[in-house]
file model00.cif (mmCIF, N, CA and C atoms)
data_start
loop_
_atom_site.label_atom_id
_atom_site.label_comp_id
_atom_site.auth_asym_id
_atom_site.auth_seq_id
_atom_site.Cartn_x
_atom_site.Cartn_y
_atom_site.Cartn_z
N MET A 140 123.55 83.12 89.83
CA MET A 140 122.24 83.62 89.47
C MET A 140 121.19 82.53 89.68
N LEU A 141 121.47 81.33 89.19
CA LEU A 141 120.49 80.25 89.31
C LEU A 141 120.27 79.87 90.77
N ARG A 142 121.33 79.90 91.58
CA ARG A 142 121.17 79.63 93.00
C ARG A 142 120.34 80.71 93.67
N ALA A 143 120.54 81.94 93.26
CA ALA A 143 119.84 83.07 93.90
C ALA A 143 118.33 82.97 93.74
N ILE A 144 117.84 82.55 92.57
CA ILE A 144 116.39 82.50 92.39
C ILE A 144 115.76 81.28 93.03
N ARG A 145 116.57 80.38 93.57
CA ARG A 145 116.02 79.23 94.28
C ARG A 145 115.64 79.57 95.72
N TYR A 146 116.15 80.69 96.24
CA TYR A 146 115.85 81.06 97.62
C TYR A 146 114.57 81.86 97.69
N ASN A 147 113.94 81.86 98.85
CA ASN A 147 112.61 82.44 99.01
C ASN A 147 112.64 83.54 100.04
N PRO A 148 112.22 84.73 99.80
CA PRO A 148 111.94 85.30 98.48
C PRO A 148 113.23 85.74 97.80
N ALA A 149 113.16 85.91 96.52
CA ALA A 149 114.36 86.27 95.77
C ALA A 149 114.02 87.29 94.70
N ALA A 150 115.03 88.03 94.32
CA ALA A 150 114.92 88.96 93.21
C ALA A 150 116.22 88.89 92.44
N CYS A 151 116.13 89.06 91.15
CA CYS A 151 117.31 89.02 90.29
C CYS A 151 117.10 90.06 89.19
N ILE A 152 118.11 90.86 88.94
CA ILE A 152 118.05 91.85 87.87
C ILE A 152 119.30 91.70 87.01
N LEU A 153 119.08 91.49 85.71
CA LEU A 153 120.17 91.40 84.74
C LEU A 153 120.09 92.60 83.81
N THR A 154 121.24 93.19 83.51
CA THR A 154 121.29 94.38 82.65
C THR A 154 122.17 94.08 81.45
N ASP A 155 121.78 94.61 80.28
CA ASP A 155 122.61 94.43 79.10
C ASP A 155 123.45 95.69 78.84
N ASP A 156 124.22 95.67 77.78
CA ASP A 156 125.13 96.78 77.47
C ASP A 156 124.41 98.07 77.10
N HIS A 157 123.13 98.00 76.76
CA HIS A 157 122.37 99.18 76.35
C HIS A 157 121.53 99.76 77.48
N GLY A 158 121.61 99.17 78.66
CA GLY A 158 120.85 99.67 79.80
C GLY A 158 119.49 99.02 79.97
N SER A 159 119.10 98.12 79.08
CA SER A 159 117.87 97.37 79.25
C SER A 159 118.09 96.37 80.38
N TYR A 160 116.99 96.01 81.05
CA TYR A 160 117.16 95.02 82.11
C TYR A 160 115.95 94.11 82.20
N LEU A 161 116.20 92.94 82.76
CA LEU A 161 115.18 91.94 83.02
C LEU A 161 115.18 91.74 84.53
N GLN A 162 114.02 91.90 85.16
CA GLN A 162 113.94 91.72 86.61
C GLN A 162 112.95 90.61 86.93
N VAL A 163 113.35 89.78 87.89
CA VAL A 163 112.57 88.62 88.28
C VAL A 163 112.29 88.70 89.77
N GLY A 164 111.06 88.39 90.15
CA GLY A 164 110.70 88.27 91.56
C GLY A 164 110.12 86.90 91.80
N ARG A 165 110.54 86.28 92.92
CA ARG A 165 110.06 84.94 93.24
C ARG A 165 109.73 84.85 94.71
N SER A 166 108.61 84.21 95.00
CA SER A 166 108.22 83.90 96.36
C SER A 166 107.62 82.51 96.34
N GLY A 167 108.32 81.54 96.89
CA GLY A 167 107.87 80.15 96.81
C GLY A 167 107.94 79.68 95.37
N PHE A 168 106.88 79.02 94.91
CA PHE A 168 106.84 78.54 93.53
C PHE A 168 106.55 79.67 92.56
N CYS A 169 105.99 80.76 93.03
CA CYS A 169 105.50 81.84 92.17
C CYS A 169 106.60 82.78 91.72
N CYS A 170 106.68 82.97 90.42
CA CYS A 170 107.67 83.87 89.84
C CYS A 170 106.99 84.79 88.84
N GLY A 171 107.45 86.01 88.76
CA GLY A 171 106.99 86.94 87.75
C GLY A 171 108.18 87.75 87.27
N PHE A 172 108.10 88.27 86.05
CA PHE A 172 109.22 89.08 85.58
C PHE A 172 108.79 90.18 84.62
N GLU A 173 109.66 91.18 84.55
CA GLU A 173 109.43 92.35 83.71
C GLU A 173 110.70 92.66 82.93
N TRP A 174 110.51 93.28 81.78
CA TRP A 174 111.61 93.66 80.90
C TRP A 174 111.51 95.15 80.62
N HIS A 175 112.55 95.86 80.96
CA HIS A 175 112.67 97.29 80.71
C HIS A 175 113.57 97.43 79.49
N ASP A 176 112.97 97.75 78.35
CA ASP A 176 113.68 97.75 77.06
C ASP A 176 113.98 99.18 76.63
N THR A 177 115.24 99.58 76.68
CA THR A 177 115.61 100.94 76.31
C THR A 177 115.49 101.21 74.82
N GLU A 178 115.61 100.18 73.98
CA GLU A 178 115.49 100.39 72.52
C GLU A 178 114.07 100.76 72.13
N SER A 179 113.08 100.02 72.63
CA SER A 179 111.68 100.31 72.28
C SER A 179 111.06 101.34 73.22
N ARG A 180 111.80 101.69 74.30
CA ARG A 180 111.31 102.64 75.31
C ARG A 180 110.02 102.14 75.95
N GLN A 181 110.00 100.84 76.28
CA GLN A 181 108.84 100.22 76.91
C GLN A 181 109.26 99.43 78.13
N HIS A 182 108.35 99.38 79.08
CA HIS A 182 108.51 98.52 80.25
C HIS A 182 107.38 97.50 80.15
N ARG A 183 107.75 96.22 80.10
CA ARG A 183 106.76 95.18 79.83
C ARG A 183 106.76 94.13 80.93
N ARG A 184 105.59 93.53 81.14
CA ARG A 184 105.47 92.39 82.05
C ARG A 184 105.15 91.16 81.23
N ALA A 185 105.77 90.05 81.59
CA ALA A 185 105.58 88.80 80.88
C ALA A 185 104.30 88.11 81.31
N PHE A 186 103.67 87.41 80.35
CA PHE A 186 102.53 86.55 80.65
C PHE A 186 102.53 85.41 79.66
N GLN A 187 101.70 84.41 79.94
CA GLN A 187 101.57 83.26 79.04
C GLN A 187 100.12 82.82 79.01
N GLN A 188 99.73 82.20 77.91
CA GLN A 188 98.33 81.81 77.73
C GLN A 188 97.91 80.60 78.55
N ARG A 189 98.82 79.72 78.89
CA ARG A 189 98.48 78.56 79.72
C ARG A 189 99.05 78.81 81.10
N PRO A 190 98.22 79.31 82.02
CA PRO A 190 98.71 79.62 83.37
C PRO A 190 99.31 78.39 84.05
N VAL A 191 100.32 78.64 84.89
CA VAL A 191 100.96 77.56 85.64
C VAL A 191 100.42 77.47 87.07
N VAL A 192 99.54 78.39 87.45
CA VAL A 192 98.93 78.35 88.78
C VAL A 192 97.42 78.19 88.63
N PRO A 193 96.76 77.55 89.60
CA PRO A 193 95.33 77.30 89.48
C PRO A 193 94.42 78.44 89.93
N TRP A 194 94.94 79.42 90.67
CA TRP A 194 94.06 80.45 91.20
C TRP A 194 93.85 81.59 90.20
N PRO A 195 92.59 82.02 90.03
CA PRO A 195 92.27 83.11 89.10
C PRO A 195 92.44 84.48 89.76
N GLY A 196 92.35 85.51 88.94
CA GLY A 196 92.38 86.88 89.45
C GLY A 196 93.79 87.37 89.72
N VAL A 197 93.87 88.41 90.55
CA VAL A 197 95.14 89.03 90.90
C VAL A 197 95.51 88.62 92.32
N THR A 198 96.73 88.19 92.51
CA THR A 198 97.24 87.85 93.84
C THR A 198 98.60 88.52 94.02
N ARG A 199 99.04 88.57 95.26
CA ARG A 199 100.31 89.23 95.56
C ARG A 199 101.35 88.22 96.03
N ILE A 200 102.57 88.46 95.59
CA ILE A 200 103.69 87.73 96.16
C ILE A 200 104.58 88.77 96.84
N TYR A 201 105.28 88.34 97.86
CA TYR A 201 106.15 89.24 98.61
C TYR A 201 107.59 88.96 98.22
N VAL A 202 108.24 89.98 97.69
CA VAL A 202 109.60 89.86 97.19
C VAL A 202 110.45 90.89 97.92
N LEU A 203 111.43 90.39 98.66
CA LEU A 203 112.31 91.24 99.45
C LEU A 203 111.48 92.17 100.33
N ASN A 204 111.53 93.47 100.11
CA ASN A 204 110.79 94.41 100.97
C ASN A 204 109.53 94.95 100.32
N GLY A 205 108.99 94.26 99.34
CA GLY A 205 107.82 94.79 98.66
C GLY A 205 106.89 93.70 98.16
N GLU A 206 105.82 94.15 97.55
CA GLU A 206 104.81 93.26 96.99
C GLU A 206 104.82 93.36 95.48
N LEU A 207 104.43 92.28 94.85
CA LEU A 207 104.26 92.25 93.41
C LEU A 207 102.90 91.64 93.14
N SER A 208 101.99 92.41 92.55
CA SER A 208 100.65 91.92 92.21
C SER A 208 100.68 91.33 90.81
N LEU A 209 100.28 90.06 90.72
CA LEU A 209 100.33 89.35 89.45
C LEU A 209 98.97 88.76 89.10
N ARG A 210 98.64 88.81 87.82
CA ARG A 210 97.46 88.12 87.31
C ARG A 210 97.81 86.65 87.13
N GLN A 211 96.80 85.80 87.02
CA GLN A 211 97.02 84.36 86.91
C GLN A 211 98.00 84.02 85.79
N GLU A 212 97.86 84.67 84.64
CA GLU A 212 98.70 84.34 83.48
C GLU A 212 100.11 84.95 83.57
N GLU A 213 100.38 85.74 84.62
CA GLU A 213 101.69 86.37 84.78
C GLU A 213 102.64 85.56 85.66
N TYR A 214 102.19 84.41 86.14
CA TYR A 214 103.04 83.54 86.94
C TYR A 214 103.82 82.59 86.04
N PHE A 215 105.05 82.32 86.45
CA PHE A 215 105.91 81.40 85.73
C PHE A 215 106.56 80.43 86.71
N SER A 216 106.90 79.27 86.21
CA SER A 216 107.59 78.28 87.05
C SER A 216 109.06 78.66 87.17
N PRO A 217 109.73 78.18 88.20
CA PRO A 217 111.18 78.46 88.32
C PRO A 217 111.97 78.00 87.10
N GLN A 218 111.61 76.88 86.50
CA GLN A 218 112.34 76.43 85.30
C GLN A 218 112.13 77.39 84.14
N GLN A 219 110.92 77.91 83.98
CA GLN A 219 110.67 78.88 82.92
C GLN A 219 111.49 80.15 83.14
N ILE A 220 111.56 80.59 84.39
CA ILE A 220 112.34 81.79 84.71
C ILE A 220 113.82 81.55 84.38
N THR A 221 114.32 80.38 84.72
CA THR A 221 115.71 80.04 84.40
C THR A 221 115.94 80.12 82.90
N ASP A 222 115.01 79.57 82.12
CA ASP A 222 115.13 79.61 80.65
C ASP A 222 115.16 81.05 80.14
N VAL A 223 114.33 81.91 80.70
CA VAL A 223 114.26 83.31 80.27
C VAL A 223 115.54 84.05 80.64
N LEU A 224 116.03 83.86 81.85
CA LEU A 224 117.26 84.53 82.27
C LEU A 224 118.45 84.10 81.41
N LEU A 225 118.53 82.82 81.12
CA LEU A 225 119.63 82.34 80.27
C LEU A 225 119.52 82.90 78.85
N ALA A 226 118.32 82.98 78.31
CA ALA A 226 118.14 83.57 76.98
C ALA A 226 118.60 85.03 76.97
N PHE A 227 118.24 85.78 78.01
CA PHE A 227 118.65 87.19 78.10
C PHE A 227 120.17 87.29 78.16
N LEU A 228 120.80 86.48 79.01
CA LEU A 228 122.26 86.51 79.15
C LEU A 228 122.98 86.13 77.86
N ARG A 229 122.40 85.22 77.12
CA ARG A 229 123.02 84.73 75.88
C ARG A 229 122.62 85.55 74.65
N HIS A 230 121.82 86.59 74.85
CA HIS A 230 121.33 87.44 73.76
C HIS A 230 120.56 86.60 72.73
N GLN A 231 119.75 85.67 73.22
CA GLN A 231 118.93 84.82 72.37
C GLN A 231 117.47 85.24 72.50
N PRO A 232 116.63 84.84 71.56
CA PRO A 232 115.19 85.15 71.68
C PRO A 232 114.61 84.50 72.93
N PHE A 233 113.61 85.15 73.51
CA PHE A 233 112.92 84.56 74.65
C PHE A 233 112.13 83.34 74.17
N PRO A 234 111.83 82.41 75.07
CA PRO A 234 111.03 81.24 74.69
C PRO A 234 109.69 81.66 74.06
N ASN A 235 109.17 80.82 73.18
CA ASN A 235 107.95 81.12 72.42
C ASN A 235 106.72 81.33 73.29
N TYR A 236 106.67 80.74 74.47
CA TYR A 236 105.48 80.88 75.32
C TYR A 236 105.39 82.24 75.99
N ILE A 237 106.44 83.05 75.91
CA ILE A 237 106.45 84.36 76.55
C ILE A 237 105.71 85.37 75.68
N GLN A 238 104.79 86.09 76.30
CA GLN A 238 104.13 87.23 75.67
C GLN A 238 104.36 88.43 76.58
N TRP A 239 104.20 89.62 76.03
CA TRP A 239 104.53 90.82 76.80
C TRP A 239 103.35 91.77 76.85
N ARG A 240 103.11 92.32 78.02
CA ARG A 240 102.09 93.35 78.26
C ARG A 240 102.84 94.65 78.53
N ASP A 241 102.59 95.67 77.70
CA ASP A 241 103.24 96.97 77.88
C ASP A 241 102.67 97.67 79.11
N MET A 242 103.54 98.02 80.04
CA MET A 242 103.14 98.68 81.29
C MET A 242 103.65 100.11 81.37
N THR A 243 104.25 100.62 80.31
CA THR A 243 104.89 101.93 80.34
C THR A 243 103.93 103.03 80.76
N SER A 244 102.76 103.11 80.14
CA SER A 244 101.80 104.17 80.46
C SER A 244 101.30 104.05 81.90
N GLU A 245 101.05 102.82 82.33
CA GLU A 245 100.58 102.59 83.70
C GLU A 245 101.60 103.07 84.72
N LEU A 246 102.86 102.76 84.50
CA LEU A 246 103.91 103.18 85.42
C LEU A 246 104.11 104.69 85.39
N ASN A 247 104.07 105.29 84.18
CA ASN A 247 104.19 106.74 84.07
C ASN A 247 103.05 107.44 84.81
N ALA A 248 101.84 106.88 84.72
CA ALA A 248 100.68 107.46 85.41
C ALA A 248 100.83 107.40 86.93
N GLN A 249 101.60 106.44 87.41
CA GLN A 249 101.84 106.32 88.85
C GLN A 249 102.99 107.20 89.32
N GLY A 250 103.55 107.98 88.41
CA GLY A 250 104.60 108.91 88.78
C GLY A 250 106.01 108.39 88.58
N CYS A 251 106.16 107.22 87.99
CA CYS A 251 107.50 106.70 87.70
C CYS A 251 108.07 107.49 86.53
N THR A 252 109.35 107.76 86.58
CA THR A 252 110.01 108.46 85.48
C THR A 252 110.79 107.42 84.69
N LEU A 253 110.22 107.01 83.58
CA LEU A 253 110.86 106.03 82.72
C LEU A 253 111.50 106.72 81.53
N PHE A 254 112.64 106.25 81.16
CA PHE A 254 113.33 106.71 79.97
C PHE A 254 113.57 108.23 79.99
N ALA A 255 113.99 108.75 81.13
CA ALA A 255 114.27 110.18 81.24
C ALA A 255 115.41 110.55 80.30
N GLU A 256 115.22 111.65 79.63
CA GLU A 256 116.24 112.12 78.71
C GLU A 256 117.36 112.81 79.47
N LYS A 257 118.54 112.82 78.88
CA LYS A 257 119.67 113.50 79.49
C LYS A 257 119.45 115.00 79.44
N ASN A 258 120.12 115.72 80.27
CA ASN A 258 120.06 117.19 80.35
C ASN A 258 118.69 117.70 80.73
N GLY A 259 117.89 116.91 81.40
CA GLY A 259 116.61 117.37 81.91
C GLY A 259 115.49 117.47 80.90
N ALA A 260 115.73 117.11 79.64
CA ALA A 260 114.68 117.19 78.63
C ALA A 260 113.65 116.11 78.86
N LYS A 261 112.40 116.40 78.55
CA LYS A 261 111.31 115.44 78.71
C LYS A 261 111.27 114.51 77.50
N PRO A 262 110.91 113.20 77.73
CA PRO A 262 110.80 112.28 76.60
C PRO A 262 109.68 112.66 75.67
#
call {"tool": "encode", "arguments": {"input": "model00.cif", "output": "structure tokens"}}
result
Amino acid sequence: MLRAIRYNPAACILTDDHGSYLQVGRSGFCCGFEWHDTESRQHRRAFQQRPVVPWPGVTRIYVLNGELSLRQEEYFSPQQITDVLLAFLRHQPFPNYIQWRDMTSELNAQGCTLFAEKNGAKP
């Protein structure tokens, strides 16, 4: 896992026993990640108050076959990403500098089907 996120571009997805997952995208120094939490039924993007990149606004990184648009505060260093992935794998709290922005409504508005109920019932 740690070797995989060192390559450019890279993506890594870790899943827990409950179906929640943490996904990371990296292109060069720039990393961003999201947490799909089945318990709270939320899809969140990570951010931090002290940005690690100098450029303001929204920029795109290219990850595998797609783009990821990130705000300045949504970028993380590779070491921070490593710390977050290890915390997820070890079932430990995320580092204190991590904050979460709920993206569930935004993704649902774009036509994504999040947290679909079994047997075709709507959430």
call {"tool": "residues_around", "arguments": {"input": "model00.cif", "residues": "Phe227 of chain A", "least_positions_apart": "5", "cutoff": "8 Å", "atoms": "all atoms listed in the file", "output": "NGL selection string"}}
result
:A and (153-155 or 161 or 221-222 or 232-234)
call {"tool": "closest_residue", "arguments": {"input": "model00.cif", "among": "A:Leu225, A:Leu207, A:Arg240, A:Gln231", "to": "Arg184 of chain A", "atoms": "all atoms listed in the file"}}
result
A:Arg240
call {"tool": "select_by_dssp", "arguments": {"input": "model00.cif", "residues": "chain A", "states": "strand (DSSP E or B)", "output": "ChimeraX atom specification"}}
result
/A:149-154,160-166,169-176,181-186,197-202,205-210,215,238-241
call {"tool": "residues_around", "arguments": {"input": "model00.cif", "residues": "segment 189-191 of chain A", "least_positions_apart": "4", "cutoff": "6 Å", "atoms": "all atoms listed in the file", "output": "list in words"}}
result
Gln211, Glu212 and Tyr214 of chain A
call {"tool": "axis_aligned_box", "arguments": {"input": "model00.cif", "around": "segment 160-171 of chain A", "padding_each_side": "3 Å", "output": "AutoDock Vina command-line options"}}
result
--center_x 111.3 --center_y 87.3 --center_z 89.0 --size_x 17.7 --size_y 23.5 --size_z 21.8
call {"tool": "residues_around", "arguments": {"input": "model00.cif", "residues": "segment 198-203 of chain A", "least_positions_apart": "2", "cutoff": "7 Å", "atoms": "all atoms listed in the file", "output": "ChimeraX atom specification"}}
result
/A:148-150,164-166,195-196,205-211
call {"tool": "atom_distance", "arguments": {"input": "model00.cif", "atom1": "atom CA of Val223 of chain A", "atom2": "atom CA of Gln249 of chain A"}}
result
27.5 Å
call {"tool": "resolve_selection", "arguments": {"input": "model00.cif", "expression": "the PyMOL selection byres (((chain A and resi 173 and name CA) around 7) and name CA)", "output": "mmCIF file with N, CA and C atoms, in the frame of the given file"}}
result
data_model
loop_
_atom_site.group_PDB
_atom_site.id
_atom_site.type_symbol
_atom_site.label_atom_id
_atom_site.label_comp_id
_atom_site.auth_asym_id
_atom_site.auth_seq_id
_atom_site.Cartn_x
_atom_site.Cartn_y
_atom_site.Cartn_z
ATOM 1 N N LEU A 161 116.200 92.940 82.760
ATOM 2 C CA LEU A 161 115.180 91.940 83.020
ATOM 3 C C LEU A 161 115.180 91.740 84.530
ATOM 4 N N GLN A 162 114.020 91.900 85.160
ATOM 5 C CA GLN A 162 113.940 91.720 86.610
ATOM 6 C C GLN A 162 112.950 90.610 86.930
ATOM 7 N N VAL A 163 113.350 89.780 87.890
ATOM 8 C CA VAL A 163 112.570 88.620 88.280
ATOM 9 C C VAL A 163 112.290 88.700 89.770
ATOM 10 N N PHE A 172 108.100 88.270 86.050
ATOM 11 C CA PHE A 172 109.220 89.080 85.580
ATOM 12 C C PHE A 172 108.790 90.180 84.620
ATOM 13 N N TRP A 174 110.510 93.280 81.780
ATOM 14 C CA TRP A 174 111.610 93.660 80.900
ATOM 15 C C TRP A 174 111.510 95.150 80.620
ATOM 16 N N HIS A 175 112.550 95.860 80.960
ATOM 17 C CA HIS A 175 112.670 97.290 80.710
ATOM 18 C C HIS A 175 113.570 97.430 79.490
ATOM 19 N N ARG A 183 107.750 96.220 80.100
ATOM 20 C CA ARG A 183 106.760 95.180 79.830
ATOM 21 C C ARG A 183 106.760 94.130 80.930
ATOM 22 N N ARG A 184 105.590 93.530 81.140
ATOM 23 C CA ARG A 184 105.470 92.390 82.050
ATOM 24 C C ARG A 184 105.150 91.160 81.230
ATOM 25 N N ALA A 185 105.770 90.050 81.590
ATOM 26 C CA ALA A 185 105.580 88.800 80.880
ATOM 27 C C ALA A 185 104.300 88.110 81.310
#
call {"tool": "closest_residue", "arguments": {"input": "model00.cif", "among": "A:Thr243, A:Ser159, A:Gln188, A:Ser216", "to": "Gly171 of chain A", "atoms": "all atoms listed in the file"}}
result
A:Ser216
call {"tool": "closest_residue", "arguments": {"input": "model00.cif", "among": "A:Val192, A:Ala248, A:Glu213, A:Phe186", "to": "Tyr236 of chain A", "atoms": "only C-alpha atoms"}}
result
A:Phe186
call {"tool": "closest_residue", "arguments": {"input": "model00.cif", "among": "A:Gln238, A:Leu224, A:Gly158, A:Phe168", "to": "Gln187 of chain A", "atoms": "only N, CA and C atoms"}}
result
A:Gln238
call {"tool": "atom_distance", "arguments": {"input": "model00.cif", "atom1": "atom CA of Asp241 of chain A", "atom2": "atom CA of Gln181 of chain A"}}
result
6.5 Å
call {"tool": "atom_distance", "arguments": {"input": "model00.cif", "atom1": "atom N of Cys151 of chain A", "atom2": "atom C of Pro217 of chain A"}}
result
12.5 Å
call {"tool": "select_by_dssp", "arguments": {"input": "model00.cif", "residues": "segment 200-237 of chain A", "states": "helix (DSSP H, G or I)", "output": "ChimeraX atom specification"}}
result
/A:211-213,217-228
call {"tool": "decode", "arguments": {"input": "model00.cif", "residues": "segment 213-241 of chain A", "atoms": "N, CA and C atoms", "output": "tab-separated table (two decimals), in the first residue's frame"}}
result
chain	number	residue	atom	x	y	z
A	213	GLU	N	-7.75	21.11	0.76
A	213	GLU	CA	-8.03	19.68	0.60
A	213	GLU	C	-6.80	18.87	0.16
A	214	TYR	N	-5.67	19.54	0.01
A	214	TYR	CA	-4.43	18.85	-0.34
A	214	TYR	C	-3.72	18.37	0.91
A	215	PHE	N	-3.09	17.22	0.79
A	215	PHE	CA	-2.32	16.64	1.88
A	215	PHE	C	-0.98	16.15	1.36
A	216	SER	N	-0.01	16.12	2.25
A	216	SER	CA	1.32	15.62	1.87
A	216	SER	C	1.28	14.09	1.85
A	217	PRO	N	2.20	13.47	1.13
A	217	PRO	CA	2.26	12.00	1.13
A	217	PRO	C	2.42	11.41	2.54
A	218	GLN	N	3.18	12.06	3.40
A	218	GLN	CA	3.33	11.55	4.77
A	218	GLN	C	2.01	11.61	5.53
A	219	GLN	N	1.25	12.68	5.34
A	219	GLN	CA	-0.06	12.78	5.99
A	219	GLN	C	-1.00	11.68	5.50
A	220	ILE	N	-0.97	11.42	4.20
A	220	ILE	CA	-1.81	10.37	3.63
A	220	ILE	C	-1.42	9.01	4.22
A	221	THR	N	-0.14	8.77	4.34
A	221	THR	CA	0.33	7.52	4.95
A	221	THR	C	-0.20	7.38	6.37
A	222	ASP	N	-0.15	8.47	7.14
A	222	ASP	CA	-0.65	8.44	8.52
A	222	ASP	C	-2.15	8.12	8.55
A	223	VAL	N	-2.91	8.70	7.64
A	223	VAL	CA	-4.36	8.48	7.59
A	223	VAL	C	-4.67	7.04	7.19
A	224	LEU	N	-3.99	6.52	6.18
A	224	LEU	CA	-4.23	5.15	5.75
A	224	LEU	C	-3.91	4.15	6.87
A	225	LEU	N	-2.81	4.38	7.56
A	225	LEU	CA	-2.45	3.49	8.66
A	225	LEU	C	-3.47	3.56	9.80
A	226	ALA	N	-3.95	4.75	10.10
A	226	ALA	CA	-4.98	4.89	11.14
A	226	ALA	C	-6.24	4.11	10.76
A	227	PHE	N	-6.65	4.21	9.49
A	227	PHE	CA	-7.84	3.49	9.01
A	227	PHE	C	-7.62	1.98	9.14
A	228	LEU	N	-6.47	1.50	8.70
A	228	LEU	CA	-6.17	0.06	8.76
A	228	LEU	C	-6.12	-0.46	10.20
A	229	ARG	N	-5.65	0.36	11.10
A	229	ARG	CA	-5.50	-0.04	12.50
A	229	ARG	C	-6.75	0.25	13.34
A	230	HIS	N	-7.79	0.78	12.70
A	230	HIS	CA	-9.03	1.14	13.39
A	230	HIS	C	-8.76	2.15	14.51
A	231	GLN	N	-7.88	3.11	14.23
A	231	GLN	CA	-7.55	4.17	15.18
A	231	GLN	C	-8.17	5.48	14.71
A	232	PRO	N	-8.28	6.45	15.60
A	232	PRO	CA	-8.80	7.77	15.19
A	232	PRO	C	-7.88	8.39	14.14
A	233	PHE	N	-8.48	9.17	13.25
A	233	PHE	CA	-7.67	9.90	12.27
A	233	PHE	C	-6.86	10.98	12.99
A	234	PRO	N	-5.76	11.42	12.39
A	234	PRO	CA	-4.97	12.49	13.01
A	234	PRO	C	-5.82	13.73	13.28
A	235	ASN	N	-5.44	14.49	14.30
A	235	ASN	CA	-6.21	15.66	14.74
A	235	ASN	C	-6.34	16.75	13.68
A	236	TYR	N	-5.40	16.85	12.76
A	236	TYR	CA	-5.46	17.91	11.75
A	236	TYR	C	-6.51	17.64	10.67
A	237	ILE	N	-7.08	16.44	10.64
A	237	ILE	CA	-8.08	16.09	9.63
A	237	ILE	C	-9.43	16.65	10.02
A	238	GLN	N	-10.07	17.34	9.08
A	238	GLN	CA	-11.46	17.76	9.22
A	238	GLN	C	-12.21	17.20	8.01
A	239	TRP	N	-13.51	17.13	8.13
A	239	TRP	CA	-14.30	16.48	7.07
A	239	TRP	C	-15.38	17.41	6.55
A	240	ARG	N	-15.54	17.44	5.25
A	240	ARG	CA	-16.60	18.18	4.56
A	240	ARG	C	-17.56	17.13	3.99
A	241	ASP	N	-18.83	17.21	4.41
A	241	ASP	CA	-19.84	16.26	3.93
A	241	ASP	C	-20.17	16.57	2.47
